file final_10.tsv (TSV, C-alpha atoms and all ligand atoms)
chain	number	residue	atom	x	y	z
A	1	MET	CA	-22.31	34.52	-6.33
A	2	ALA	CA	-24.92	36.33	-8.43
A	3	GLY	CA	-27.76	34.96	-10.57
A	4	SER	CA	-29.81	31.81	-10.37
A	5	ASN	CA	-27.15	29.64	-11.95
A	6	PRO	CA	-23.75	30.73	-10.65
A	7	TYR	CA	-21.87	27.80	-12.15
A	8	PRO	CA	-20.29	27.58	-15.58
A	9	SER	CA	-22.86	26.07	-17.94
A	10	ASP	CA	-20.76	23.06	-18.93
A	11	LEU	CA	-20.46	21.87	-15.34
A	12	GLN	CA	-22.84	19.92	-13.18
A	13	VAL	CA	-23.07	20.55	-9.49
A	14	SER	CA	-23.85	18.03	-6.75
A	15	SER	CA	-27.33	18.09	-5.23
A	16	ASP	CA	-25.99	19.78	-2.08
A	17	ASP	CA	-24.21	22.44	-4.17
A	18	ARG	CA	-20.89	21.67	-2.50
A	19	HIS	CA	-18.89	20.27	-5.39
A	20	TYR	CA	-18.78	19.91	-9.14
A	21	ILE	CA	-19.39	16.44	-10.52
A	22	ASN	CA	-15.93	15.14	-11.38
A	23	ASN	CA	-16.12	14.05	-15.01
A	24	ILE	CA	-12.41	14.51	-15.62
A	25	VAL	CA	-10.87	11.87	-17.84
A	26	ILE	CA	-7.22	11.72	-16.88
A	27	LYS	CA	-4.80	12.03	-19.76
A	28	ASP	CA	-1.94	9.56	-19.81
A	29	ASP	CA	0.12	11.56	-22.24
A	30	VAL	CA	0.77	14.73	-20.23
A	31	LYS	CA	3.70	16.50	-21.84
A	32	GLU	CA	5.99	17.44	-18.95
A	33	THR	CA	7.56	20.46	-20.58
A	34	GLU	CA	4.23	21.88	-21.73
A	35	PHE	CA	2.63	21.34	-18.33
A	36	ARG	CA	5.50	23.09	-16.53
A	37	GLU	CA	5.38	26.01	-18.93
A	38	LYS	CA	1.65	26.31	-18.34
A	39	LEU	CA	2.28	26.27	-14.58
A	40	ARG	CA	4.96	28.96	-14.82
A	41	ALA	CA	2.78	31.18	-17.01
A	42	SER	CA	-0.18	30.76	-14.67
A	43	ILE	CA	1.93	31.48	-11.57
A	44	ALA	CA	3.43	34.61	-13.19
A	45	LYS	CA	-0.04	35.88	-14.18
A	46	LYS	CA	-1.63	35.21	-10.78
A	47	LEU	CA	1.33	36.70	-8.90
A	48	LYS	CA	1.15	39.85	-11.04
A	49	TYR	CA	-2.56	40.12	-10.26
A	50	LEU	CA	-1.89	39.71	-6.54
A	51	GLU	CA	0.89	42.31	-6.54
A	52	GLU	CA	-1.15	44.83	-8.52
A	53	ASN	CA	-4.32	44.47	-6.50
A	54	TYR	CA	-3.24	43.84	-2.93
A	55	ASP	CA	-1.10	45.89	-0.61
A	56	PRO	CA	-0.12	43.65	2.29
A	57	PHE	CA	1.20	46.61	4.24
A	58	LYS	CA	-2.37	47.96	4.45
A	59	GLU	CA	-3.81	44.59	5.53
A	60	LYS	CA	-5.35	44.52	8.99
A	61	TYR	CA	-4.67	40.81	9.59
A	62	LYS	CA	-1.05	39.88	10.24
A	63	ASP	CA	-1.21	36.13	10.85
A	64	VAL	CA	-0.11	33.39	8.44
A	65	TYR	CA	-3.62	31.94	8.04
A	66	VAL	CA	-5.35	34.90	6.35
A	67	GLY	CA	-2.99	37.83	6.95
A	68	THR	CA	0.30	39.24	5.75
A	69	GLY	CA	2.25	36.42	7.39
A	70	GLY	CA	0.75	34.13	4.73
A	71	ILE	CA	2.06	36.36	1.96
A	72	ALA	CA	5.49	36.21	3.63
A	73	MET	CA	5.17	32.41	3.53
A	74	LEU	CA	4.30	32.54	-0.17
A	75	TYR	CA	7.34	34.69	-1.03
A	76	PHE	CA	9.56	32.36	1.00
A	77	HIS	CA	8.15	29.43	-0.98
A	78	LEU	CA	8.63	31.13	-4.35
A	79	ALA	CA	12.24	31.83	-3.40
A	80	ASN	CA	12.75	28.31	-2.15
A	81	THR	CA	11.31	26.58	-5.22
A	82	TYR	CA	13.18	28.83	-7.70
A	83	VAL	CA	9.90	28.75	-9.54
A	84	LEU	CA	10.22	31.93	-11.50
A	85	GLY	CA	13.88	32.34	-12.09
A	86	ASP	CA	17.41	32.76	-10.97
A	87	LEU	CA	19.32	33.74	-7.84
A	88	PRO	CA	18.68	37.52	-7.87
A	89	LEU	CA	14.95	36.87	-8.01
A	90	ARG	CA	15.28	34.35	-5.19
A	91	ASP	CA	16.99	36.93	-2.97
A	92	LYS	CA	14.38	39.54	-3.89
A	93	TYR	CA	11.58	37.21	-2.75
A	94	LEU	CA	13.40	36.41	0.48
A	95	GLN	CA	13.75	40.15	1.17
A	96	LYS	CA	10.04	40.67	0.46
A	97	SER	CA	9.22	37.83	2.81
A	98	LEU	CA	11.36	39.33	5.56
A	99	ALA	CA	9.88	42.81	5.13
A	100	LEU	CA	6.41	41.33	5.68
A	101	VAL	CA	7.56	39.30	8.68
A	102	GLN	CA	9.01	42.42	10.31
A	103	ASP	CA	5.93	44.51	9.56
A	104	SER	CA	3.56	41.80	10.84
A	105	LEU	CA	5.50	41.28	14.06
A	106	LYS	CA	4.99	44.93	15.03
A	107	VAL	CA	1.29	44.39	15.61
A	108	ILE	CA	0.52	40.66	15.86
A	109	LYS	CA	-0.76	39.52	19.24
A	110	LYS	CA	2.08	37.74	21.03
A	111	CYS	CA	-0.24	35.69	23.25
A	112	ASN	CA	-1.07	33.11	20.54
A	113	ILE	CA	1.19	30.11	20.04
A	114	ALA	CA	0.56	28.40	16.69
A	115	PHE	CA	2.29	28.76	13.33
A	116	LEU	CA	-0.92	29.97	11.70
A	117	HIS	CA	-2.18	32.34	14.40
A	118	GLY	CA	0.52	34.18	16.25
A	119	PRO	CA	4.18	35.08	16.16
A	120	ALA	CA	5.49	31.49	15.90
A	121	GLY	CA	4.93	31.28	12.14
A	122	LEU	CA	6.49	34.71	11.62
A	123	TYR	CA	9.55	33.86	13.73
A	124	SER	CA	9.89	30.60	11.81
A	125	ILE	CA	9.68	32.18	8.35
A	126	GLY	CA	12.02	34.96	9.50
A	127	ALA	CA	14.58	32.49	10.86
A	128	VAL	CA	14.79	30.41	7.70
A	129	ALA	CA	14.61	33.36	5.26
A	130	HIS	CA	17.47	35.12	7.10
A	131	ARG	CA	19.45	31.89	7.10
A	132	LYS	CA	19.08	31.51	3.34
A	133	LEU	CA	20.43	35.04	2.96
A	134	LYS	CA	23.31	34.10	5.30
A	135	HIS	CA	22.20	36.55	8.00
A	136	GLU	CA	23.24	34.24	10.84
A	137	ALA	CA	22.72	36.63	13.78
A	138	GLU	CA	19.21	37.66	12.69
A	139	SER	CA	18.28	34.05	12.04
A	140	GLN	CA	19.45	33.05	15.52
A	141	GLU	CA	17.48	35.88	17.07
A	142	TYR	CA	14.23	34.60	15.58
A	143	ILE	CA	15.06	31.03	16.63
A	144	HIS	CA	15.55	32.20	20.22
A	145	LEU	CA	12.25	34.07	20.18
A	146	LEU	CA	10.53	30.94	18.88
A	147	ILE	CA	12.12	28.70	21.52
A	148	ASP	CA	11.24	31.16	24.29
A	149	MET	CA	7.55	30.79	23.44
A	150	PHE	CA	7.50	27.35	25.06
A	151	GLY	CA	7.33	28.95	28.52
A	152	ASN	CA	4.19	30.84	27.51
A	153	LEU	CA	2.59	27.72	26.16
A	154	VAL	CA	3.10	25.80	29.39
A	155	LYS	CA	2.30	28.55	31.89
A	156	LYS	CA	-0.45	30.65	30.36
A	157	LYS	CA	-4.11	29.94	29.66
A	158	PRO	CA	-4.89	26.39	28.55
A	159	PHE	CA	-4.43	26.30	24.80
A	160	PRO	CA	-6.03	23.58	22.69
A	161	SER	CA	-3.77	21.06	20.96
A	162	GLU	CA	-5.14	21.44	17.41
A	163	LEU	CA	-3.15	22.93	14.53
A	164	LEU	CA	-4.67	26.38	13.99
A	165	TYR	CA	-4.43	27.77	17.51
A	166	GLY	CA	-2.84	25.07	19.59
A	167	HIS	CA	0.17	23.08	20.73
A	168	SER	CA	0.57	21.10	17.53
A	169	GLY	CA	0.72	24.39	15.61
A	170	TYR	CA	3.70	25.38	17.77
A	171	LEU	CA	5.21	21.93	17.24
A	172	HIS	CA	4.93	22.50	13.49
A	173	SER	CA	6.95	25.72	13.87
A	174	LEU	CA	9.78	23.84	15.59
A	175	LEU	CA	9.75	21.07	12.99
A	176	PHE	CA	9.70	23.58	10.12
A	177	VAL	CA	12.72	25.48	11.44
A	178	ASN	CA	14.58	22.29	12.29
A	179	HIS	CA	13.97	20.99	8.77
A	180	HIS	CA	15.44	24.09	7.11
A	181	ILE	CA	18.18	24.62	9.72
A	182	PRO	CA	19.01	21.12	11.00
A	183	GLY	CA	19.94	20.98	14.67
A	184	SER	CA	18.67	24.49	15.42
A	185	ILE	CA	15.93	23.27	17.76
A	186	PRO	CA	17.12	21.24	20.78
A	187	ASP	CA	15.85	17.64	20.83
A	188	GLY	CA	14.94	18.16	24.49
A	189	LEU	CA	12.51	20.96	23.63
A	190	ILE	CA	10.71	18.85	21.04
A	191	LYS	CA	10.59	15.98	23.53
A	192	ASP	CA	9.16	18.23	26.26
A	193	LEU	CA	6.53	19.55	23.88
A	194	VAL	CA	5.58	16.04	22.72
A	195	THR	CA	5.25	14.96	26.36
A	196	PHE	CA	3.07	18.01	27.01
A	197	ILE	CA	0.79	17.24	24.04
A	198	LEU	CA	0.48	13.57	25.03
A	199	LYS	CA	-0.36	14.57	28.60
A	200	ALA	CA	-3.08	16.92	27.34
A	201	GLY	CA	-4.55	14.12	25.23
A	202	LYS	CA	-4.39	11.54	28.00
A	203	SER	CA	-5.99	13.80	30.58
A	204	ALA	CA	-9.05	14.12	28.34
A	205	GLY	CA	-8.82	10.49	27.24
A	206	ALA	CA	-11.58	9.12	29.42
A	207	SER	CA	-14.08	11.07	27.35
A	208	LEU	CA	-13.67	9.06	24.17
A	209	MET	CA	-14.05	5.29	24.34
A	210	ASN	CA	-11.18	3.27	22.85
A	211	CYS	CA	-9.14	6.38	22.11
A	212	PRO	CA	-5.87	6.75	24.05
A	213	LEU	CA	-5.57	10.47	23.25
A	214	SER	CA	-8.55	12.78	23.02
A	215	TYR	CA	-8.42	16.38	21.94
A	216	SER	CA	-11.33	18.75	21.80
A	217	TRP	CA	-11.70	22.28	20.47
A	218	HIS	CA	-14.66	24.41	21.53
A	219	SER	CA	-16.17	21.37	23.27
A	220	LYS	CA	-16.17	19.16	20.18
A	221	TYR	CA	-13.94	16.27	19.20
A	222	TYR	CA	-12.91	17.34	15.70
A	223	ILE	CA	-11.30	14.87	13.30
A	224	GLY	CA	-9.86	16.85	10.37
A	225	GLY	CA	-6.62	18.60	9.51
A	226	ALA	CA	-7.22	22.10	10.88
A	227	HIS	CA	-8.90	21.61	14.25
A	228	GLY	CA	-8.94	17.88	14.64
A	229	MET	CA	-7.16	14.81	15.82
A	230	ALA	CA	-5.78	13.92	12.37
A	231	GLY	CA	-3.98	17.27	12.28
A	232	ILE	CA	-2.43	16.63	15.69
A	233	ALA	CA	-1.45	13.06	14.76
A	234	CYS	CA	0.12	14.40	11.54
A	235	GLN	CA	2.42	16.71	13.52
A	236	LEU	CA	3.34	13.96	16.01
A	237	LEU	CA	4.20	11.64	13.10
A	238	GLN	CA	6.64	14.23	11.75
A	239	VAL	CA	8.64	14.18	14.99
A	240	ASN	CA	11.76	11.99	14.91
A	241	GLN	CA	10.26	8.66	16.03
A	242	ASP	CA	13.60	7.16	17.13
A	243	LYS	CA	14.19	10.02	19.56
A	244	ASN	CA	10.61	9.80	20.90
A	245	PRO	CA	9.92	6.05	21.20
A	246	GLU	CA	6.98	6.54	23.55
A	247	LEU	CA	4.97	7.88	20.62
A	248	LYS	CA	4.66	4.67	18.61
A	249	PRO	CA	2.19	2.59	20.70
A	250	LEU	CA	0.01	5.63	21.39
A	251	LEU	CA	0.00	6.72	17.76
A	252	ILE	CA	-1.01	3.26	16.57
A	253	SER	CA	-4.17	3.16	18.67
A	254	PHE	CA	-4.84	6.87	18.15
A	255	ILE	CA	-4.76	6.42	14.36
A	256	GLU	CA	-6.79	3.22	14.56
A	257	TYR	CA	-9.41	5.16	16.49
A	258	ILE	CA	-9.50	7.90	13.80
A	259	ILE	CA	-9.87	5.21	11.12
A	260	SER	CA	-12.72	3.63	13.11
A	261	VAL	CA	-14.89	6.74	12.60
A	262	GLN	CA	-14.38	6.82	8.82
A	263	LYS	CA	-17.60	6.61	6.83
A	264	THR	CA	-18.25	3.76	4.43
A	265	ASN	CA	-17.84	6.15	1.47
A	266	GLY	CA	-14.29	7.02	2.62
A	267	ASN	CA	-14.98	10.46	4.09
A	268	PHE	CA	-14.38	11.42	7.71
A	269	PRO	CA	-16.88	13.32	9.87
A	270	SER	CA	-16.04	16.89	10.91
A	271	SER	CA	-16.36	15.84	14.52
A	272	ILE	CA	-17.53	12.91	16.60
A	273	GLU	CA	-20.56	15.04	17.46
A	274	SER	CA	-21.53	15.59	13.80
A	275	GLY	CA	-22.79	11.99	13.63
A	276	HIS	CA	-24.29	10.90	10.32
A	277	ARG	CA	-23.77	14.18	8.53
A	278	ASP	CA	-21.44	13.85	5.58
A	279	THR	CA	-21.09	17.19	3.86
A	280	LEU	CA	-17.50	18.39	3.88
A	281	VAL	CA	-14.62	17.00	1.79
A	282	GLN	CA	-11.90	19.59	2.33
A	283	PHE	CA	-8.62	20.09	4.17
A	284	CYS	CA	-10.09	21.59	7.34
A	285	HIS	CA	-12.89	19.00	7.67
A	286	GLY	CA	-13.07	15.63	5.94
A	287	ALA	CA	-10.90	13.09	4.15
A	288	PRO	CA	-8.38	15.43	2.42
A	289	GLY	CA	-6.99	16.69	5.75
A	290	VAL	CA	-6.73	13.16	7.14
A	291	LEU	CA	-4.87	11.67	4.14
A	292	PRO	CA	-1.43	13.23	4.82
A	293	MET	CA	-1.53	11.66	8.28
A	294	LEU	CA	-2.52	8.24	6.86
A	295	CYS	CA	0.35	8.50	4.36
A	296	LEU	CA	2.86	9.24	7.14
A	297	ALA	CA	1.56	6.28	9.16
A	298	LYS	CA	2.21	4.06	6.14
A	299	SER	CA	5.74	5.41	5.65
A	300	HIS	CA	6.60	4.83	9.31
A	301	LYS	CA	5.39	1.21	8.99
A	302	LEU	CA	3.59	1.52	12.31
A	303	GLY	CA	1.42	-1.53	11.72
A	304	VAL	CA	-1.88	0.36	11.90
A	305	ALA	CA	-4.85	-1.93	11.19
A	306	ARG	CA	-6.96	-1.26	8.07
A	307	LEU	CA	-4.61	1.54	6.99
A	308	ALA	CA	-4.44	0.64	3.29
A	309	GLU	CA	-8.23	0.39	2.83
A	310	ALA	CA	-8.82	3.58	4.79
A	311	THR	CA	-6.28	5.46	2.67
A	312	GLU	CA	-7.66	4.19	-0.61
A	313	SER	CA	-11.27	5.04	0.16
A	314	ALA	CA	-10.31	8.49	1.51
A	315	ALA	CA	-8.42	9.11	-1.74
A	316	ASP	CA	-11.46	7.99	-3.78
A	317	VAL	CA	-13.87	10.37	-2.04
A	318	THR	CA	-11.38	13.24	-2.38
A	319	TRP	CA	-11.24	12.63	-6.11
A	320	THR	CA	-15.00	12.21	-6.55
A	321	ARG	CA	-16.11	15.13	-4.38
A	322	GLY	CA	-12.98	17.28	-4.29
A	323	LEU	CA	-13.75	19.89	-6.97
A	324	LEU	CA	-15.35	22.24	-4.51
A	325	THR	CA	-17.72	25.05	-5.42
A	326	LYS	CA	-16.24	27.11	-2.57
A	327	GLY	CA	-13.27	27.91	-4.76
A	328	HIS	CA	-9.62	27.18	-5.33
A	329	ASN	CA	-8.29	27.92	-1.84
A	330	LEU	CA	-6.21	25.75	0.49
A	331	CYS	CA	-8.37	25.47	3.59
A	332	HIS	CA	-11.69	24.50	2.01
A	333	GLY	CA	-11.02	24.52	-1.71
A	334	VAL	CA	-9.53	22.63	-4.63
A	335	SER	CA	-5.86	23.46	-3.93
A	336	GLY	CA	-6.07	21.99	-0.45
A	337	ASN	CA	-7.69	18.84	-1.80
A	338	ALA	CA	-5.04	18.51	-4.51
A	339	TYR	CA	-2.36	18.44	-1.80
A	340	ALA	CA	-3.85	15.14	-0.59
A	341	PHE	CA	-2.94	13.59	-3.96
A	342	LEU	CA	0.57	15.04	-3.71
A	343	SER	CA	0.98	13.38	-0.30
A	344	LEU	CA	-0.22	10.08	-1.73
A	345	PHE	CA	2.18	10.40	-4.66
A	346	ARG	CA	5.22	11.21	-2.51
A	347	HIS	CA	4.56	8.33	-0.15
A	348	THR	CA	3.50	5.66	-2.67
A	349	HIS	CA	5.23	6.82	-5.90
A	350	ASP	CA	2.02	5.74	-7.67
A	351	SER	CA	1.74	7.99	-10.73
A	352	LYS	CA	-2.07	7.79	-10.58
A	353	TYR	CA	-2.01	10.27	-7.71
A	354	LEU	CA	0.33	12.65	-9.50
A	355	ARG	CA	-2.04	12.65	-12.47
A	356	GLN	CA	-4.95	13.39	-10.13
A	357	ALA	CA	-3.03	16.31	-8.58
A	358	ARG	CA	-2.25	17.57	-12.09
A	359	ALA	CA	-5.90	17.29	-13.08
A	360	PHE	CA	-6.86	19.49	-10.11
A	361	ALA	CA	-4.05	21.92	-11.02
A	362	GLU	CA	-5.39	22.12	-14.59
A	363	TRP	CA	-8.86	22.76	-13.18
A	364	ILE	CA	-7.48	25.69	-11.16
A	365	MET	CA	-5.48	27.09	-14.08
A	366	ASP	CA	-8.34	26.78	-16.59
A	367	ARG	CA	-11.09	28.36	-14.48
A	368	GLU	CA	-11.59	31.60	-12.68
A	369	ASP	CA	-12.25	31.12	-9.01
A	370	THR	CA	-16.04	31.07	-8.66
A	371	GLU	CA	-15.93	31.77	-4.96
A	372	GLY	CA	-17.42	35.23	-5.43
A	373	THR	CA	-16.20	37.59	-2.73
A	374	PRO	CA	-14.38	35.65	-0.04
A	375	ASP	CA	-13.48	37.44	3.16
A	376	ASN	CA	-9.76	37.26	2.49
A	377	PRO	CA	-9.38	36.84	-1.30
A	378	PHE	CA	-5.57	37.19	-1.42
A	379	SER	CA	-4.69	35.21	1.69
A	380	LEU	CA	-2.71	31.99	2.06
A	381	PHE	CA	-5.47	29.79	3.44
A	382	GLU	CA	-8.59	31.37	1.96
A	383	GLY	CA	-7.38	33.04	-1.20
A	384	LEU	CA	-5.04	33.48	-4.11
A	385	ALA	CA	-1.75	33.11	-2.21
A	386	GLY	CA	-2.64	29.49	-1.37
A	387	GLU	CA	-3.49	28.74	-4.98
A	388	LEU	CA	-0.11	30.18	-6.02
A	389	TYR	CA	1.66	28.19	-3.32
A	390	PHE	CA	0.10	24.97	-4.62
A	391	LEU	CA	0.85	25.66	-8.29
A	392	ALA	CA	4.49	26.40	-7.37
A	393	ASP	CA	4.64	23.03	-5.61
A	394	MET	CA	3.40	21.29	-8.76
A	395	ILE	CA	6.70	22.19	-10.48
A	396	ASP	CA	8.56	19.63	-8.36
A	397	PRO	CA	5.92	17.37	-6.73
A	398	MET	CA	8.38	15.20	-4.79
A	399	LYS	CA	9.42	18.28	-2.80
A	400	SER	CA	5.87	19.51	-2.24
A	401	ALA	CA	4.34	19.96	1.21
A	402	PHE	CA	1.04	21.41	2.38
A	403	PRO	CA	2.17	24.73	3.93
A	404	CYS	CA	2.08	25.02	7.71
A	405	PHE	CA	1.02	21.34	7.91
A	406	GLU	CA	3.52	19.03	6.20
A	407	ILE	CA	7.30	19.13	6.48
A	408	PRO	CA	8.98	18.54	3.09
A	409	HIS	CA	10.62	15.16	2.55
A	410	ASN	CA	14.07	16.51	1.79
B	1	ZN	ZN	-11.50	25.62	5.96

call {"tool": "encode", "arguments": {"input": "final_10.tsv", "output": "structure tokens", "more": "lines below"}}
Ligand SMILES: [Zn+2]
result
Amino acid sequence: MAGSNPYPSDLQVSSDDRHYINNIVIKDDVKETEFREKLRASIAKKLKYLEENYDPFKEKYKDVYVGTGGIAMLYFHLANTYVLGDLPLRDKYLQKSLALVQDSLKVIKKCNIAFLHGPAGLYSIGAVAHRKLKHEAESQEYIHLLIDMFGNLVKKKPFPSELLYGHSGYLHSLLFVNHHIPGSIPDGLIKDLVTFILKAGKSAGASLMNCPLSYSWHSKYYIGGAHGMAGIACQLLQVNQDKNPELKPLLISFIEYIISVQKTNGNFPSSIESGHRDTLVQFCHGAPGVLPMLCLAKSHKLGVARLAEATESAADVTWTRGLLTKGHNLCHGVSGNAYAFLSLFRHTHDSKYLRQARAFAEWIMDREDTEGTPDNPFSLFEGLAGELYFLADMIDPMKSAFPCFEIPHN
């Protein structure tokens, strides 16, 4: 960002420069039709900009996180939400998604296992996009490739269990495909993977007092959505609990442990090691990435102690400190934080949270991204594609889901 004052003059910035002071007064009289039209116009404009300024086939990264796989995910989503039109457009987006999947698979490293970093996400998007186009054989081929990855995961180098690179990222791939193509993933495979993840957490368990499952990444016990224990718990909570009854008692004390490290202001530390520092309120680190997991725990009626208070204070800090100066992106920006309100709305049906998500959507639509020159300005997790994904989800909030993290309700 250039100049001594990089922020728009009408906005105040927090003393640590991380977020804008949230002075938004929520309107009670949002006109549904007008808001949707504004969303559609904004999505069309941003998509045009992306398509005119970015050639994914020249992109060096091929993963879903910041590469062409993420653009494939966006096109799949636009097709799936019917956001911009009718059936021919839907099929066109599915074809675009598949072309990117095929191109990305030619060069992506096959040794990684997670949805966001490796072939699993590409196989998953390919399987469901082919299925929607009624290409049964091609869809099955991708499902088999995805299932075959389990052998790699068990036998090869020890992967972490976190979402971005680890076991729970592979679990998300299975859950995603099984959601869109029910019954396509054998229950036994999901069970074996759950057992594997629990074993990994128990074997490290002695390291963290009062925590039945401990997961580290690069020698730190992270808490948040991307690398942390809340992200892992979120994936485990999306597994069919009736078919995996061993999960319940472990999840209760695991989640109670995560809640025990919450700060009095509602935020969560990046890691156990980060101690008193309280700087990040974003999906990858902090309260917004923990909230979807807390919402799932509530829906499952697990009986987790202090869950309601923890959820409420995490929601408060996300609202107060969620308008990030880092930009509009999903991973550490305003779109990602807005998804926390969508989770809260879907699980509680409290319209307050929908209005908060809308307020963040308005913020994104009314302001240019001030992020300056991000490394991956068009990508799903760090750029424009994620913003588009979120705005498309605002059209039908009850069907929304944070991409590569939450499985839609229906
Ligand atoms: Zn991030």

call {"tool": "closest_residue", "arguments": {"input": "final_10.tsv", "among": "A:Leu302, A:Val66, A:Ala359, A:Ala340", "to": "ligand ZN 1 (chain B)", "atoms": "all atoms listed in the file"}}
result
A:Val66

call {"tool": "closest_atom_pairs", "arguments": {"input": "final_10.tsv", "of": "stretch 247-335 of chain A", "to": "stretch 396-407 of chain A", "cutoff": "10 Å", "atoms": "only C-alpha atoms", "output": "CSV"}}
result
residue,atom,partner,partner_atom,distance
A:Phe283,CA,A:Phe402,CA,9.9
A:Gly289,CA,A:Phe405,CA,9.5
A:Pro292,CA,A:Glu406,CA,7.7
A:Met293,CA,A:Glu406,CA,9.2
A:Leu296,CA,A:Glu406,CA,9.9
A:Leu330,CA,A:Phe402,CA,8.7
A:Ser335,CA,A:Phe402,CA,9.6

call {"tool": "closest_atom_pairs", "arguments": {"input": "final_10.tsv", "of": "chain A", "to": "ligand ZN 1 (chain B)", "cutoff": "6 Å", "atoms": "all atoms listed in the file", "output": "CSV"}}
result
residue,atom,partner,partner_atom,distance
A:Cys284,CA,B:ZN1,ZN,4.5
A:Cys331,CA,B:ZN1,ZN,3.9
A:His332,CA,B:ZN1,ZN,4.1

call {"tool": "residues_around", "arguments": {"input": "final_10.tsv", "residues": "stretch 306-316 of chain A", "least_positions_apart": "2", "cutoff": "9 Å", "atoms": "only C-alpha atoms", "output": "ChimeraX atom specification"}}
result
/A:255-256,259,262,264-268,286-288,290-291,294-295,297-298,303-304,318-321,340-341,344,353

call {"tool": "residues_around", "arguments": {"input": "final_10.tsv", "residues": "A:Pro119", "least_positions_apart": "2", "cutoff": "8 Å", "atoms": "all atoms listed in the file", "output": "PDB file with C-alpha atoms, in the frame of the given file"}}
result
ATOM      1  CA  ASP A  63      -1.210  36.130  10.850  1.00  0.00           C
ATOM      2  CA  LEU A 105       5.500  41.280  14.060  1.00  0.00           C
ATOM      3  CA  ILE A 108       0.520  40.660  15.860  1.00  0.00           C
ATOM      4  CA  LYS A 109      -0.760  39.520  19.240  1.00  0.00           C
ATOM      5  CA  LYS A 110       2.080  37.740  21.030  1.00  0.00           C
ATOM      6  CA  ASN A 112      -1.070  33.110  20.540  1.00  0.00           C
ATOM      7  CA  ILE A 113       1.190  30.110  20.040  1.00  0.00           C
ATOM      8  CA  ALA A 114       0.560  28.400  16.690  1.00  0.00           C
ATOM      9  CA  PHE A 115       2.290  28.760  13.330  1.00  0.00           C
ATOM     10  CA  HIS A 117      -2.180  32.340  14.400  1.00  0.00           C
ATOM     11  CA  GLY A 121       4.930  31.280  12.140  1.00  0.00           C
ATOM     12  CA  LEU A 122       6.490  34.710  11.620  1.00  0.00           C
ATOM     13  CA  TYR A 123       9.550  33.860  13.730  1.00  0.00           C
TER      14      TYR A 123
END

call {"tool": "closest_residue", "arguments": {"input": "final_10.tsv", "among": "A:Phe390, A:Val239, A:Asp17, A:Asn337", "to": "A:His285", "atoms": "only C-alpha atoms"}}
result
A:Asn337

call {"tool": "closest_residue", "arguments": {"input": "final_10.tsv", "among": "A:Lys62, A:Lys220, A:Arg131, A:Arg36", "to": "A:Gln95", "atoms": "all atoms listed in the file"}}
result
A:Arg131

call {"tool": "closest_residue", "arguments": {"input": "final_10.tsv", "among": "A:Cys111, A:Met209, A:Met73, A:Cys234", "to": "A:Lys155", "atoms": "all atoms listed in the file"}}
result
A:Cys111

call {"tool": "axis_aligned_box", "arguments": {"input": "final_10.tsv", "around": "stretch 210-229 of chain A", "padding_each_side": "8 Å", "output": "JSON"}}
result
{"center_x": -10.9, "center_y": 13.8, "center_z": 16.8, "size_x": 26.6, "size_y": 37.1, "size_z": 30.5}

call {"tool": "residues_around", "arguments": {"input": "final_10.tsv", "residues": "stretch 159-161 of chain A", "least_positions_apart": "4", "cutoff": "8 Å", "atoms": "all atoms listed in the file", "output": "list of chain:residue names"}}
result
A:Leu153, A:Tyr165, A:Gly166, A:His167, A:Ser168, A:Gly169, A:Ile197, A:Ala200, A:Tyr215, A:Ser216, A:Trp217, A:Ile232

call {"tool": "decode", "arguments": {"input": "final_10.tsv", "residues": "stretch 278-286 of chain A", "atoms": "N, CA and C atoms", "output": "compact mmCIF listing (two decimals), in the first residue's frame"}}
result
# COMPACT_ATOMS: atom_id res chain seq x y z
N ASP A 278 -2.60 -11.44 21.02
CA ASP A 278 -3.99 -11.49 20.54
C ASP A 278 -4.08 -10.54 19.36
N THR A 279 -3.63 -11.00 18.20
CA THR A 279 -3.56 -10.09 17.06
C THR A 279 -4.46 -10.48 15.91
N LEU A 280 -4.70 -11.76 15.72
CA LEU A 280 -5.36 -12.21 14.49
C LEU A 280 -6.81 -12.64 14.71
N VAL A 281 -7.71 -12.02 13.94
CA VAL A 281 -9.13 -12.41 13.95
C VAL A 281 -9.50 -12.72 12.50
N GLN A 282 -9.20 -13.91 12.07
CA GLN A 282 -9.38 -14.29 10.67
C GLN A 282 -9.61 -15.80 10.60
N PHE A 283 -10.00 -16.28 9.41
CA PHE A 283 -10.30 -17.71 9.29
C PHE A 283 -9.11 -18.57 9.70
N CYS A 284 -7.94 -18.29 9.16
CA CYS A 284 -6.81 -19.21 9.39
C CYS A 284 -6.34 -19.20 10.85
N HIS A 285 -6.41 -18.05 11.51
CA HIS A 285 -6.01 -17.95 12.92
C HIS A 285 -7.00 -17.05 13.67
N GLY A 286 -7.61 -17.57 14.71
CA GLY A 286 -8.51 -16.73 15.50
C GLY A 286 -9.95 -17.22 15.46
